$ cat target.txt   # compact mmCIF, C-alpha atoms
# COMPACT_ATOMS: atom_id res chain seq x y z
CA MET Q 236 0.00 0.00 0.00
CA THR Q 237 1.30 3.45 -0.86
CA LEU Q 238 1.95 5.89 1.96
CA ALA Q 239 -0.63 8.28 0.47
CA ASN Q 240 -3.33 5.62 0.87
CA LYS Q 241 -2.10 4.25 4.19
CA TYR Q 242 -2.02 7.67 5.83
CA ARG Q 243 -5.04 9.19 4.09
CA PRO Q 244 -7.04 11.14 6.70
CA ARG Q 245 -10.15 9.32 7.97
CA THR Q 246 -11.66 12.05 10.16
CA PHE Q 247 -11.83 15.84 10.22
CA ASP Q 248 -9.17 15.87 12.95
CA ASP Q 249 -6.79 13.95 10.68
CA MET Q 250 -6.85 16.63 7.99
CA VAL Q 251 -3.63 18.59 7.60
CA GLU Q 252 -4.50 22.29 7.89
CA GLN Q 253 -7.55 23.55 5.87
CA LYS Q 254 -8.93 24.61 9.28
CA VAL Q 255 -11.50 27.15 8.04
CA VAL Q 256 -13.05 24.76 5.51
CA VAL Q 257 -12.95 21.83 7.93
CA ASP Q 258 -14.62 23.83 10.71
CA ILE Q 259 -17.43 24.95 8.40
CA VAL Q 260 -18.21 21.53 6.94
CA ARG Q 261 -17.92 19.90 10.37
CA SER Q 262 -20.58 22.32 11.59
CA ILE Q 263 -22.76 21.55 8.58
CA CYS Q 264 -22.48 17.80 9.19
CA GLU Q 265 -23.56 18.22 12.81
CA LYS Q 266 -26.94 19.70 11.84
CA SER Q 267 -29.94 17.40 11.96
CA GLU Q 268 -30.88 18.28 8.38
CA LEU Q 269 -28.91 19.84 5.52
CA ALA Q 270 -30.35 23.08 4.17
CA ASN Q 271 -28.11 22.84 1.11
CA ARG Q 272 -27.02 19.44 -0.20
CA ASN Q 273 -24.67 20.50 -2.99
CA PHE Q 274 -21.04 21.34 -2.32
CA LEU Q 275 -18.05 22.14 -4.54
CA PHE Q 276 -14.47 21.78 -3.29
CA VAL Q 277 -11.85 23.67 -5.25
CA GLY Q 278 -8.07 23.47 -5.09
CA ALA Q 279 -4.86 22.20 -6.65
CA ALA Q 280 -4.19 18.48 -6.92
CA GLY Q 281 -3.21 16.65 -3.75
CA LEU Q 282 -4.73 19.04 -1.19
CA GLY Q 283 -7.35 16.60 0.11
CA LYS Q 284 -10.51 17.47 -1.81
CA THR Q 285 -11.63 13.89 -2.42
CA THR Q 286 -10.47 12.85 1.03
CA LEU Q 287 -12.56 15.60 2.61
CA CYS Q 288 -15.57 14.50 0.56
CA ARG Q 289 -15.21 10.94 1.87
CA ILE Q 290 -14.96 12.20 5.45
CA ILE Q 291 -18.13 14.29 4.98
CA ALA Q 292 -19.96 11.26 3.56
CA ASN Q 293 -18.87 9.17 6.52
CA GLU Q 294 -19.94 11.84 9.03
CA LEU Q 295 -23.33 12.41 7.41
CA ASN Q 296 -24.13 8.70 7.46
CA GLU Q 297 -22.51 8.00 10.83
CA GLY Q 298 -20.06 5.52 9.37
CA LYS Q 299 -22.70 3.50 7.51
CA GLY Q 300 -22.51 2.62 3.84
CA SER Q 301 -20.18 4.13 1.25
CA PRO Q 302 -20.49 7.15 -1.03
CA ILE Q 303 -20.98 6.69 -4.75
CA GLU Q 304 -17.72 7.93 -6.29
CA ILE Q 305 -17.75 8.99 -9.92
CA ASP Q 306 -14.88 10.19 -12.08
CA ALA Q 307 -16.35 12.87 -14.33
CA ALA Q 308 -13.40 12.52 -16.71
CA SER Q 309 -14.92 9.25 -17.91
CA ASN Q 310 -18.53 9.83 -16.80
CA GLY Q 311 -19.21 13.42 -17.76
CA THR Q 312 -21.38 12.96 -20.85
CA VAL Q 313 -25.05 13.76 -20.87
CA ASP Q 314 -25.98 10.05 -20.88
CA ALA Q 315 -23.71 9.31 -17.91
CA VAL Q 316 -25.11 12.29 -15.97
CA ARG Q 317 -28.69 11.16 -16.65
CA LYS Q 318 -27.87 7.81 -15.04
CA ILE Q 319 -26.50 9.62 -11.99
CA VAL Q 320 -29.63 11.78 -11.79
CA ASP Q 321 -31.83 8.68 -11.97
CA GLN Q 322 -29.86 7.16 -9.08
CA ALA Q 323 -30.24 10.37 -7.09
CA ARG Q 324 -34.05 10.19 -7.32
CA ALA Q 325 -34.14 6.94 -5.34
CA TYR Q 326 -34.04 7.10 -1.54
CA PRO Q 327 -31.00 5.60 0.21
CA VAL Q 328 -31.20 2.18 1.82
CA GLY Q 329 -29.59 1.72 5.22
CA THR Q 330 -28.19 5.25 5.37
CA LYS Q 331 -29.58 8.72 6.02
CA TYR Q 332 -28.22 10.21 2.79
CA LYS Q 333 -27.21 8.94 -0.62
CA VAL Q 334 -23.89 10.73 -1.14
CA PHE Q 335 -22.36 11.24 -4.58
CA ILE Q 336 -18.72 12.32 -4.92
CA ILE Q 337 -18.09 13.73 -8.40
CA ASP Q 338 -14.34 13.99 -8.91
CA GLU Q 339 -12.76 16.05 -11.72
CA ALA Q 340 -16.09 17.86 -11.98
CA HIS Q 341 -14.74 20.30 -14.56
CA ALA Q 342 -14.75 17.40 -17.07
CA VAL Q 343 -18.56 17.26 -17.15
CA THR Q 344 -19.72 18.36 -20.62
CA PRO Q 345 -21.98 21.41 -21.10
CA ALA Q 346 -24.86 19.07 -21.97
CA GLY Q 347 -24.05 17.04 -18.87
CA TRP Q 348 -24.28 20.12 -16.65
CA SER Q 349 -27.62 20.97 -18.22
CA SER Q 350 -28.90 17.57 -17.12
CA PHE Q 351 -27.50 18.15 -13.64
CA LEU Q 352 -29.07 21.58 -13.21
CA LYS Q 353 -32.58 20.65 -12.11
CA CYS Q 354 -31.27 17.85 -9.87
CA ILE Q 355 -28.90 20.23 -8.10
CA GLU Q 356 -31.52 22.95 -7.80
CA GLU Q 357 -34.18 20.72 -6.23
CA SER Q 358 -32.00 18.10 -4.42
CA PRO Q 359 -34.17 15.00 -4.93
CA ALA Q 360 -34.88 12.40 -2.24
CA LYS Q 361 -32.03 12.35 0.28
CA SER Q 362 -29.17 12.83 -2.19
CA VAL Q 363 -26.04 14.90 -1.47
CA PHE Q 364 -23.64 15.96 -4.21
CA LEU Q 365 -19.99 16.64 -3.36
CA PHE Q 366 -18.13 17.98 -6.39
CA ALA Q 367 -14.33 18.31 -6.50
CA THR Q 368 -12.32 20.18 -9.12
CA THR Q 369 -8.98 21.76 -9.90
CA ASN Q 370 -10.53 23.99 -12.59
CA PRO Q 371 -13.64 25.78 -11.30
CA GLU Q 372 -13.51 28.24 -14.21
CA LYS Q 373 -14.73 25.41 -16.46
CA ILE Q 374 -17.91 24.94 -14.43
CA PRO Q 375 -20.95 26.96 -15.64
CA ALA Q 376 -22.02 29.95 -13.56
CA THR Q 377 -25.52 28.46 -13.33
CA ILE Q 378 -24.03 25.54 -11.38
CA LEU Q 379 -21.67 27.63 -9.26
CA SER Q 380 -24.59 29.75 -8.07
CA ARG Q 381 -26.41 26.65 -6.80
CA VAL Q 382 -23.63 25.00 -4.78
CA GLN Q 383 -21.66 25.95 -1.69
CA VAL Q 384 -18.09 26.54 -2.84
CA PHE Q 385 -15.10 25.83 -0.59
CA GLN Q 386 -11.55 26.77 -1.60
CA LEU Q 387 -8.78 24.56 -0.22
CA ALA Q 388 -5.40 26.23 0.24
CA LYS Q 389 -1.98 24.81 -0.45
CA ILE Q 390 -0.53 23.18 2.65
CA SER Q 391 2.28 25.08 4.35
CA LEU Q 392 5.88 23.87 4.28
CA ALA Q 393 5.72 23.33 8.04
CA GLY Q 394 2.48 21.36 7.71
CA ILE Q 395 3.93 19.01 5.11
CA HIS Q 396 7.20 18.67 7.03
CA ASP Q 397 5.41 17.70 10.23
CA ARG Q 398 3.18 15.19 8.44
CA LEU Q 399 6.14 13.55 6.70
CA LYS Q 400 7.94 13.31 10.03
CA PHE Q 401 4.83 11.72 11.58
CA VAL Q 402 4.62 9.19 8.73
CA LEU Q 403 8.30 8.27 8.96
CA ASP Q 404 8.17 7.94 12.75
CA SER Q 405 5.05 5.78 12.43
CA GLU Q 406 6.74 3.51 9.87
CA ILE Q 407 9.80 3.18 12.13
CA ALA Q 408 7.54 2.34 15.09
CA GLU Q 409 6.04 -0.46 12.99
CA GLY Q 410 9.48 -1.96 12.53
CA ARG Q 411 10.74 -0.51 9.24
CA ASP Q 412 14.49 0.14 9.20
CA ILE Q 413 14.41 3.78 8.14
CA HIS Q 414 16.81 6.60 8.90
CA TYR Q 415 16.14 10.19 7.90
CA SER Q 416 17.53 13.68 8.35
CA ASP Q 417 15.42 16.73 9.07
CA ASP Q 418 16.80 18.63 6.08
CA SER Q 419 15.78 15.75 3.78
CA ILE Q 420 12.11 15.93 4.77
CA THR Q 421 12.20 19.73 4.54
CA PHE Q 422 13.58 19.30 1.02
CA LEU Q 423 10.81 16.81 0.15
CA ALA Q 424 8.21 19.20 1.58
CA LYS Q 425 9.47 22.01 -0.66
CA LEU Q 426 9.42 19.79 -3.74
CA ALA Q 427 5.77 18.90 -3.02
CA ASN Q 428 4.77 22.53 -3.65
CA GLY Q 429 1.93 22.55 -1.15
CA GLY Q 430 0.46 19.14 -2.02
CA MET Q 431 0.29 16.49 0.70
CA ARG Q 432 -0.34 13.62 -1.68
CA ASP Q 433 2.61 14.66 -3.83
CA ALA Q 434 4.81 14.82 -0.72
CA LEU Q 435 3.91 11.25 0.27
CA THR Q 436 4.39 10.02 -3.30
CA LEU Q 437 7.86 11.57 -3.36
CA LEU Q 438 8.64 9.99 0.01
CA ASP Q 439 7.58 6.59 -1.37
CA LYS Q 440 10.04 7.02 -4.24
CA ALA Q 441 12.81 8.07 -1.87
CA LEU Q 442 12.23 5.03 0.35
CA ALA Q 443 12.17 2.72 -2.67
CA TYR Q 444 15.63 4.02 -3.55
CA SER Q 445 17.08 3.87 -0.04
CA SER Q 446 15.90 3.48 3.55
CA ASP Q 447 18.48 6.13 4.41
CA VAL Q 448 16.55 9.30 3.57
CA THR Q 449 19.10 12.05 2.97
CA ALA Q 450 18.91 15.06 0.67
CA GLU Q 451 21.49 13.41 -1.61
CA ASN Q 452 19.49 10.17 -1.83
CA VAL Q 453 16.26 12.10 -2.40
CA SER Q 454 17.90 13.90 -5.34
CA ALA Q 455 19.07 10.60 -6.79
CA ALA Q 456 15.72 8.86 -6.25
CA LEU Q 457 13.76 11.64 -7.92
CA ASN Q 458 16.29 11.97 -10.76
CA LEU Q 459 16.69 15.67 -10.07
CA PRO Q 460 19.02 17.70 -12.31
CA ASN Q 461 22.73 17.73 -11.63
CA TYR Q 462 22.98 21.09 -9.91
CA ASP Q 463 26.76 21.01 -10.31
CA ASP Q 464 26.19 21.57 -14.05
CA TYR Q 465 23.76 24.38 -13.32
CA PHE Q 466 26.28 26.09 -11.04
CA ARG Q 467 29.02 25.64 -13.66
CA LEU Q 468 26.88 27.08 -16.45
CA LEU Q 469 25.84 30.07 -14.35
CA GLY Q 470 29.46 30.72 -13.37
CA SER Q 471 30.63 30.40 -16.98
CA TYR Q 472 27.96 32.81 -18.16
CA ALA Q 473 28.96 35.34 -15.49
CA LYS Q 474 32.60 35.11 -16.63
CA HIS Q 475 31.70 35.22 -20.36
CA ASP Q 476 33.62 31.96 -20.71
CA ASN Q 477 32.30 30.85 -24.10
CA ARG Q 478 34.49 27.76 -24.24
CA ALA Q 479 33.14 26.49 -20.91
CA ILE Q 480 29.56 27.32 -21.95
CA ALA Q 481 29.97 25.35 -25.18
CA GLU Q 482 31.48 22.38 -23.32
CA ILE Q 483 28.59 22.22 -20.85
CA VAL Q 484 25.90 22.68 -23.53
CA ASP Q 485 27.43 19.98 -25.77
CA ARG Q 486 27.86 17.53 -22.91
CA VAL Q 487 24.29 17.98 -21.67
CA TYR Q 488 22.89 17.68 -25.20
CA ASN Q 489 24.89 14.50 -25.91
CA SER Q 490 23.94 12.95 -22.55
CA GLY Q 491 20.49 12.17 -23.90
CA VAL Q 492 18.48 14.18 -21.36
CA ASN Q 493 15.50 16.20 -22.49
CA PHE Q 494 17.41 19.31 -23.55
CA VAL Q 495 14.38 21.59 -23.48
CA LYS Q 496 13.34 20.41 -19.99
CA TRP Q 497 16.95 20.77 -18.82
CA PHE Q 498 17.01 24.44 -19.79
CA GLU Q 499 13.61 25.01 -18.22
CA GLY Q 500 15.17 23.60 -15.06
CA PHE Q 501 18.14 25.91 -15.49
CA HIS Q 502 15.80 28.89 -15.69
CA SER Q 503 14.12 27.78 -12.45
CA PHE Q 504 17.57 27.35 -10.89
CA VAL Q 505 18.56 30.93 -11.75
CA ILE Q 506 15.35 32.21 -10.16
CA GLN Q 507 16.15 30.20 -7.02
CA ILE Q 508 19.63 31.75 -6.95
CA LEU Q 509 17.98 35.17 -7.07
CA LYS Q 510 15.77 34.19 -4.13
CA TYR Q 511 18.88 33.18 -2.22
CA ILE Q 512 20.63 36.45 -3.07
CA TYR Q 513 17.71 38.45 -1.71
CA LEU Q 514 16.98 36.29 1.35
CA GLN Q 515 20.39 34.69 2.07
CA ASP Q 516 18.70 31.43 3.05
CA ILE Q 517 19.00 28.23 1.03
CA GLY Q 518 15.97 26.97 2.95
CA SER Q 519 13.82 29.48 1.05
CA THR Q 520 14.81 27.85 -2.25
CA THR Q 521 14.27 24.43 -3.81
CA ILE Q 522 18.01 23.89 -4.26
CA PRO Q 523 19.14 20.81 -2.29
CA PRO Q 524 20.80 21.68 1.02
CA GLN Q 525 24.02 19.85 0.09
CA TYR Q 526 24.81 22.77 -2.25
CA GLN Q 527 25.16 25.24 0.62
CA ASP Q 528 28.91 25.56 0.02
CA LYS Q 529 28.31 26.63 -3.59
CA ILE Q 530 25.34 28.92 -3.13
CA VAL Q 531 27.04 31.01 -0.42
CA ASN Q 532 29.29 32.46 -3.12
CA TYR Q 533 26.34 34.43 -4.49
CA ASN Q 534 25.43 37.82 -3.09
CA ILE Q 535 23.79 41.07 -4.16
CA ARG Q 536 26.63 41.78 -6.62
CA HIS Q 537 25.40 38.88 -8.74
CA ALA Q 538 21.75 39.96 -8.84
CA ASN Q 539 21.94 41.92 -12.09
CA ILE Q 540 23.73 39.06 -13.84
CA CYS Q 541 21.03 36.60 -12.73
CA LEU Q 542 18.21 38.97 -13.68
CA LYS Q 543 19.67 39.46 -17.16
CA LEU Q 544 20.20 35.72 -17.58
CA ALA Q 545 16.66 34.95 -16.36
CA ASN Q 546 15.22 37.23 -19.06
CA ILE Q 547 17.47 35.66 -21.71
CA LEU Q 548 16.34 32.18 -20.65
CA ILE Q 549 12.67 33.13 -21.10
CA LYS Q 550 13.41 33.89 -24.76
CA LEU Q 551 15.75 30.89 -25.15
CA ASN Q 552 13.23 28.42 -23.72
CA ASP Q 553 10.51 29.78 -25.98
CA THR Q 554 12.82 29.30 -28.98
CA LEU Q 555 13.92 25.79 -27.93
CA ARG Q 556 10.29 24.64 -27.88
CA ARG Q 557 9.95 25.61 -31.54
CA THR Q 558 13.24 24.57 -33.13
CA SER Q 559 15.33 21.47 -33.79
CA TYR Q 560 18.59 23.47 -33.65
CA LEU Q 561 18.88 23.09 -29.90
CA GLN Q 562 22.63 23.39 -29.33
CA GLU Q 563 23.01 26.20 -31.81
CA PHE Q 564 20.34 28.40 -30.27
CA ALA Q 565 21.52 27.68 -26.72
CA LEU Q 566 25.00 28.89 -27.63
CA THR Q 567 23.60 31.88 -29.55
CA TYR Q 568 21.72 33.12 -26.49
CA LEU Q 569 24.34 32.31 -23.83
CA CYS Q 570 27.64 33.20 -25.46
CA SER Q 571 28.88 36.75 -25.90
CA ILE Q 572 31.66 38.57 -27.76
CA ASN Q 573 34.78 38.83 -25.61
CA LYS Q 574 35.51 42.51 -24.94
CA GLU Q 575 39.20 42.06 -25.78
CA ALA Q 576 38.22 40.75 -29.21
CA LYS Q 577 36.19 43.81 -30.17
$ encode --input "target.txt" --output "structure tokens"
Amino acid sequence: MTLANKYRPRTFDDMVEQKVVVDIVRSICEKSELANRNFLFVGAAGLGKTTLCRIIANELNEGKGSPIEIDAASNGTVDAVRKIVDQARAYPVGTKYKVFIIDEAHAVTPAGWSSFLKCIEESPAKSVFLFATTNPEKIPATILSRVQVFQLAKISLAGIHDRLKFVLDSEIAEGRDIHYSDDSITFLAKLANGGMRDALTLLDKALAYSSDVTAENVSAALNLPNYDDYFRLLGSYAKHDNRAIAEIVDRVYNSGVNFVKWFEGFHSFVIQILKYIYLQDIGSTTIPPQYQDKIVNYNIRHANICLKLANILIKLNDTLRRTSYLQEFALTYLCSINKEAK
């Protein structure tokens, strides 16, 4: 079983953050009858939308029965929606409410939403609809005006860090031979970009690679870019060392990596260097902590160089997506005429 499934929250108290939303829906579930039985949960992937829907279903029915879960990506046509509406008209058996969880709700077709409209407006029998989506802008305004909308926020770095630590400590308590460093789980938390499910998926990959969870092993497990090359290329650009730039570009191109993705990563790296220059804290960046000895060489004197390079990389990356002359254009944008040669 994956860690994301094993440690999926089962109650409101298990939810990581989302306090405002959790408090509101907990209060709604405690009422003897629901005034509104249509809810929409909005947020980026991995924040707990579907999990929260399952918890609500469990609370409403006091642990009895199971919700009807539907993936709108494959059940969003008008015919599929009509079948759901027909189900909603029948009273539940053995439970207080018949709860439908409609995941990826933005995938419902316009005709499908039209079929949903009357059902949502009149809430037949004892049916409850819990919609979840990452793209609320694709849902018609006529639907949005008839549901209670809840926005889930990205989970804080501290929240993800603490949950990962809890998971690792729990696994160790169960007998798994795991060792981890605090900076490694902080690094994982940053890579998750606010998503708890993504954080646990990344941790699964790290543990599959090695039970010794260090920042170095995390980088290897996740096949992260070789930041040594990024540091070398940035340094070579700053020194106008065309020979070194050409050597790095040729070696990366011939290594077989996705050249376009590599340069997108380099652009992100330069932005992270700028963050470090302004904040003087590697912890505020997504650069692995083992590169502390390299990043400390950058200070405010390098800001203009990084800003100029960041703007160049925007144009370079746009060009690389549209051309087959990858090496040539990379060198054209990064190399410069030596002043002594003018």
$ closest_residue --input "target.txt" --among "Q:Val251, Q:Val277, Q:Val402, Q:Ile517" --to "Q:Ile530" --atoms "all atoms listed in the file"
Q:Ile517
$ closest_residue --input "target.txt" --among "Q:Tyr465, Q:Phe351, Q:Phe422, Q:Phe504" --to "Q:Thr449" --atoms "all atoms listed in the file"
Q:Phe422
$ closest_atom_pairs --input "target.txt" --of "stretch 335-430 of chain Q" --to "stretch 312-323 of chain Q" --cutoff "6 Å" --atoms "only C-alpha atoms" --output "CSV"
residue,atom,partner,partner_atom,distance
Q:Thr344,CA,Q:Thr312,CA,5.7
Q:Ala346,CA,Q:Val313,CA,5.4
Q:Gly347,CA,Q:Val313,CA,4.0
Q:Ser362,CA,Q:Ala323,CA,5.6
$ closest_residue --input "target.txt" --among "Q:Thr554, Q:Val260, Q:Ala424, Q:Asn461" --to "Q:Gly518" --atoms "only C-alpha atoms"
Q:Ala424
$ closest_residue --input "target.txt" --among "Q:Leu282, Q:Leu295, Q:Met236, Q:Val334" --to "Q:Ser267" --atoms "only C-alpha atoms"
Q:Leu295
$ residues_around --input "target.txt" --residues "Q:Leu379" --least-positions-apart "4" --cutoff "12 Å" --atoms "all atoms listed in the file" --output "list in words"
Asn273, Phe274, Leu275, Phe276, Val277, Ala340, His341, Trp348, Phe351, Leu352, Ile355, Glu356, Phe366, Thr368, Pro371, Glu372, Lys373, Ile374, Pro375, Gln383, Val384 and Phe385 of chain Q
$ residues_around --input "target.txt" --residues "Q:Asp397" --least-positions-apart "3" --cutoff "12 Å" --atoms "all atoms listed in the file" --output "list of chain:residue names"
Q:Val251, Q:Glu252, Q:Ile390, Q:Ser391, Q:Leu392, Q:Ala393, Q:Gly394, Q:Lys400, Q:Phe401, Q:Val402, Q:Leu403, Q:Asp404, Q:Asp417, Q:Ile420, Q:Thr421, Q:Leu423, Q:Ala424, Q:Met431, Q:Ala434, Q:Leu435
$ residues_around --input "target.txt" --residues "Q:Thr237" --least-positions-apart "4" --cutoff "9 Å" --atoms "all atoms listed in the file" --output "PyMOL selection string"
chain Q and resi 241-242+435-436+439
$ closest_residue --input "target.txt" --among "Q:Lys474, Q:Arg432, Q:Lys425, Q:Arg467" --to "Q:Thr520" --atoms "only C-alpha atoms"
Q:Lys425
$ atom_distance --input "target.txt" --atom1 "atom CA of Q:Gly283" --atom2 "atom CA of Q:Pro302"
16.2 Å
$ closest_residue --input "target.txt" --among "Q:Asp249, Q:Ile259, Q:Glu268, Q:Leu365" --to "Q:Ile305" --atoms "all atoms listed in the file"
Q:Leu365
$ residues_around --input "target.txt" --residues "Q:Glu339" --least-positions-apart "5" --cutoff "8 Å" --atoms "all atoms listed in the file" --output "list in words"
Asp306, Ala307, Ala308, Phe366, Ala367, Thr368 and Thr369 of chain Q
$ write_last_selection --input "target.txt" --atoms "C-alpha atoms" --output "CSV table (one decimal), in the coordinates of the input"
chain,number,residue,atom,x,y,z
Q,306,ASP,CA,-14.9,10.2,-12.1
Q,307,ALA,CA,-16.4,12.9,-14.3
Q,308,ALA,CA,-13.4,12.5,-16.7
Q,366,PHE,CA,-18.1,18.0,-6.4
Q,367,ALA,CA,-14.3,18.3,-6.5
Q,368,THR,CA,-12.3,20.2,-9.1
Q,369,THR,CA,-9.0,21.8,-9.9
$ atom_distance --input "target.txt" --atom1 "atom CA of Q:Lys353" --atom2 "atom CA of Q:Cys288"
22.1 Å
$ residues_around --input "target.txt" --residues "Q:Arg245" --least-positions-apart "3" --cutoff "10 Å" --atoms "all atoms listed in the file" --output "mmCIF file with C-alpha atoms, keeping the file's coordinate frame"
data_model
loop_
_atom_site.group_PDB
_atom_site.id
_atom_site.type_symbol
_atom_site.label_atom_id
_atom_site.label_comp_id
_atom_site.auth_asym_id
_atom_site.auth_seq_id
_atom_site.Cartn_x
_atom_site.Cartn_y
_atom_site.Cartn_z
ATOM 1 C CA TYR Q 242 -2.020 7.670 5.830
ATOM 2 C CA ASP Q 248 -9.170 15.870 12.950
ATOM 3 C CA ASP Q 249 -6.790 13.950 10.680
ATOM 4 C CA MET Q 250 -6.850 16.630 7.990
ATOM 5 C CA THR Q 286 -10.470 12.850 1.030
ATOM 6 C CA LEU Q 287 -12.560 15.600 2.610
ATOM 7 C CA ARG Q 289 -15.210 10.940 1.870
ATOM 8 C CA ILE Q 290 -14.960 12.200 5.450
ATOM 9 C CA ILE Q 291 -18.130 14.290 4.980
ATOM 10 C CA ASN Q 293 -18.870 9.170 6.520
#
$ build_atoms --input "target.txt" --residues "stretch 542-549 of chain Q" --atoms "all heavy atoms" --output "PDB file, in the coordinates of the input"
ATOM      1  N   LEU Q 542      19.412  38.384 -13.090  1.00  0.00           N
ATOM      2  CA  LEU Q 542      18.210  38.970 -13.680  1.00  0.00           C
ATOM      3  C   LEU Q 542      18.308  39.010 -15.196  1.00  0.00           C
ATOM      4  O   LEU Q 542      17.358  38.667 -15.909  1.00  0.00           O
ATOM      5  CB  LEU Q 542      17.987  40.384 -13.132  1.00  0.00           C
ATOM      6  CG  LEU Q 542      17.391  40.484 -11.726  1.00  0.00           C
ATOM      7  CD1 LEU Q 542      17.480  41.922 -11.221  1.00  0.00           C
ATOM      8  CD2 LEU Q 542      15.942  40.013 -11.724  1.00  0.00           C
ATOM      9  N   LYS Q 543      19.473  39.417 -15.719  1.00  0.00           N
ATOM     10  CA  LYS Q 543      19.670  39.460 -17.160  1.00  0.00           C
ATOM     11  C   LYS Q 543      19.570  38.066 -17.749  1.00  0.00           C
ATOM     12  O   LYS Q 543      18.902  37.848 -18.767  1.00  0.00           O
ATOM     13  CB  LYS Q 543      21.039  40.069 -17.471  1.00  0.00           C
ATOM     14  CG  LYS Q 543      21.346  40.148 -18.967  1.00  0.00           C
ATOM     15  CD  LYS Q 543      22.729  40.731 -19.213  1.00  0.00           C
ATOM     16  CE  LYS Q 543      23.049  40.732 -20.718  1.00  0.00           C
ATOM     17  NZ  LYS Q 543      24.416  41.254 -20.960  1.00  0.00           N
ATOM     18  N   LEU Q 544      20.218  37.089 -17.091  1.00  0.00           N
ATOM     19  CA  LEU Q 544      20.200  35.720 -17.580  1.00  0.00           C
ATOM     20  C   LEU Q 544      18.776  35.145 -17.544  1.00  0.00           C
ATOM     21  O   LEU Q 544      18.353  34.433 -18.464  1.00  0.00           O
ATOM     22  CB  LEU Q 544      21.143  34.850 -16.770  1.00  0.00           C
ATOM     23  CG  LEU Q 544      21.199  33.363 -17.145  1.00  0.00           C
ATOM     24  CD1 LEU Q 544      21.560  33.192 -18.619  1.00  0.00           C
ATOM     25  CD2 LEU Q 544      22.194  32.623 -16.262  1.00  0.00           C
ATOM     26  N   ALA Q 545      18.037  35.451 -16.477  1.00  0.00           N
ATOM     27  CA  ALA Q 545      16.660  34.950 -16.360  1.00  0.00           C
ATOM     28  C   ALA Q 545      15.812  35.430 -17.531  1.00  0.00           C
ATOM     29  O   ALA Q 545      15.016  34.663 -18.099  1.00  0.00           O
ATOM     30  CB  ALA Q 545      16.052  35.390 -15.036  1.00  0.00           C
ATOM     31  N   ASN Q 546      15.975  36.688 -17.916  1.00  0.00           N
ATOM     32  CA  ASN Q 546      15.220  37.230 -19.060  1.00  0.00           C
ATOM     33  C   ASN Q 546      15.665  36.588 -20.367  1.00  0.00           C
ATOM     34  O   ASN Q 546      14.840  36.321 -21.257  1.00  0.00           O
ATOM     35  CB  ASN Q 546      15.399  38.745 -19.126  1.00  0.00           C
ATOM     36  CG  ASN Q 546      14.640  39.462 -18.021  1.00  0.00           C
ATOM     37  OD1 ASN Q 546      13.562  39.040 -17.637  1.00  0.00           O
ATOM     38  ND2 ASN Q 546      15.206  40.537 -17.497  1.00  0.00           N
ATOM     39  N   ILE Q 547      16.959  36.329 -20.507  1.00  0.00           N
ATOM     40  CA  ILE Q 547      17.470  35.660 -21.710  1.00  0.00           C
ATOM     41  C   ILE Q 547      16.890  34.247 -21.803  1.00  0.00           C
ATOM     42  O   ILE Q 547      16.507  33.786 -22.877  1.00  0.00           O
ATOM     43  CB  ILE Q 547      19.015  35.609 -21.671  1.00  0.00           C
ATOM     44  CG1 ILE Q 547      19.583  37.012 -21.909  1.00  0.00           C
ATOM     45  CG2 ILE Q 547      19.554  34.619 -22.701  1.00  0.00           C
ATOM     46  CD1 ILE Q 547      21.084  37.100 -21.741  1.00  0.00           C
ATOM     47  N   LEU Q 548      16.820  33.563 -20.658  1.00  0.00           N
ATOM     48  CA  LEU Q 548      16.340  32.180 -20.650  1.00  0.00           C
ATOM     49  C   LEU Q 548      14.853  32.087 -20.994  1.00  0.00           C
ATOM     50  O   LEU Q 548      14.404  31.069 -21.533  1.00  0.00           O
ATOM     51  CB  LEU Q 548      16.619  31.540 -19.288  1.00  0.00           C
ATOM     52  CG  LEU Q 548      18.098  31.236 -19.023  1.00  0.00           C
ATOM     53  CD1 LEU Q 548      18.313  30.823 -17.573  1.00  0.00           C
ATOM     54  CD2 LEU Q 548      18.617  30.157 -19.966  1.00  0.00           C
ATOM     55  N   ILE Q 549      14.082  33.120 -20.684  1.00  0.00           N
ATOM     56  CA  ILE Q 549      12.670  33.130 -21.100  1.00  0.00           C
ATOM     57  C   ILE Q 549      12.588  33.056 -22.620  1.00  0.00           C
ATOM     58  O   ILE Q 549      11.833  32.264 -23.188  1.00  0.00           O
ATOM     59  CB  ILE Q 549      11.965  34.404 -20.581  1.00  0.00           C
ATOM     60  CG1 ILE Q 549      11.824  34.366 -19.052  1.00  0.00           C
ATOM     61  CG2 ILE Q 549      10.576  34.538 -21.237  1.00  0.00           C
ATOM     62  CD1 ILE Q 549      11.285  35.651 -18.463  1.00  0.00           C
TER      63      ILE Q 549
END
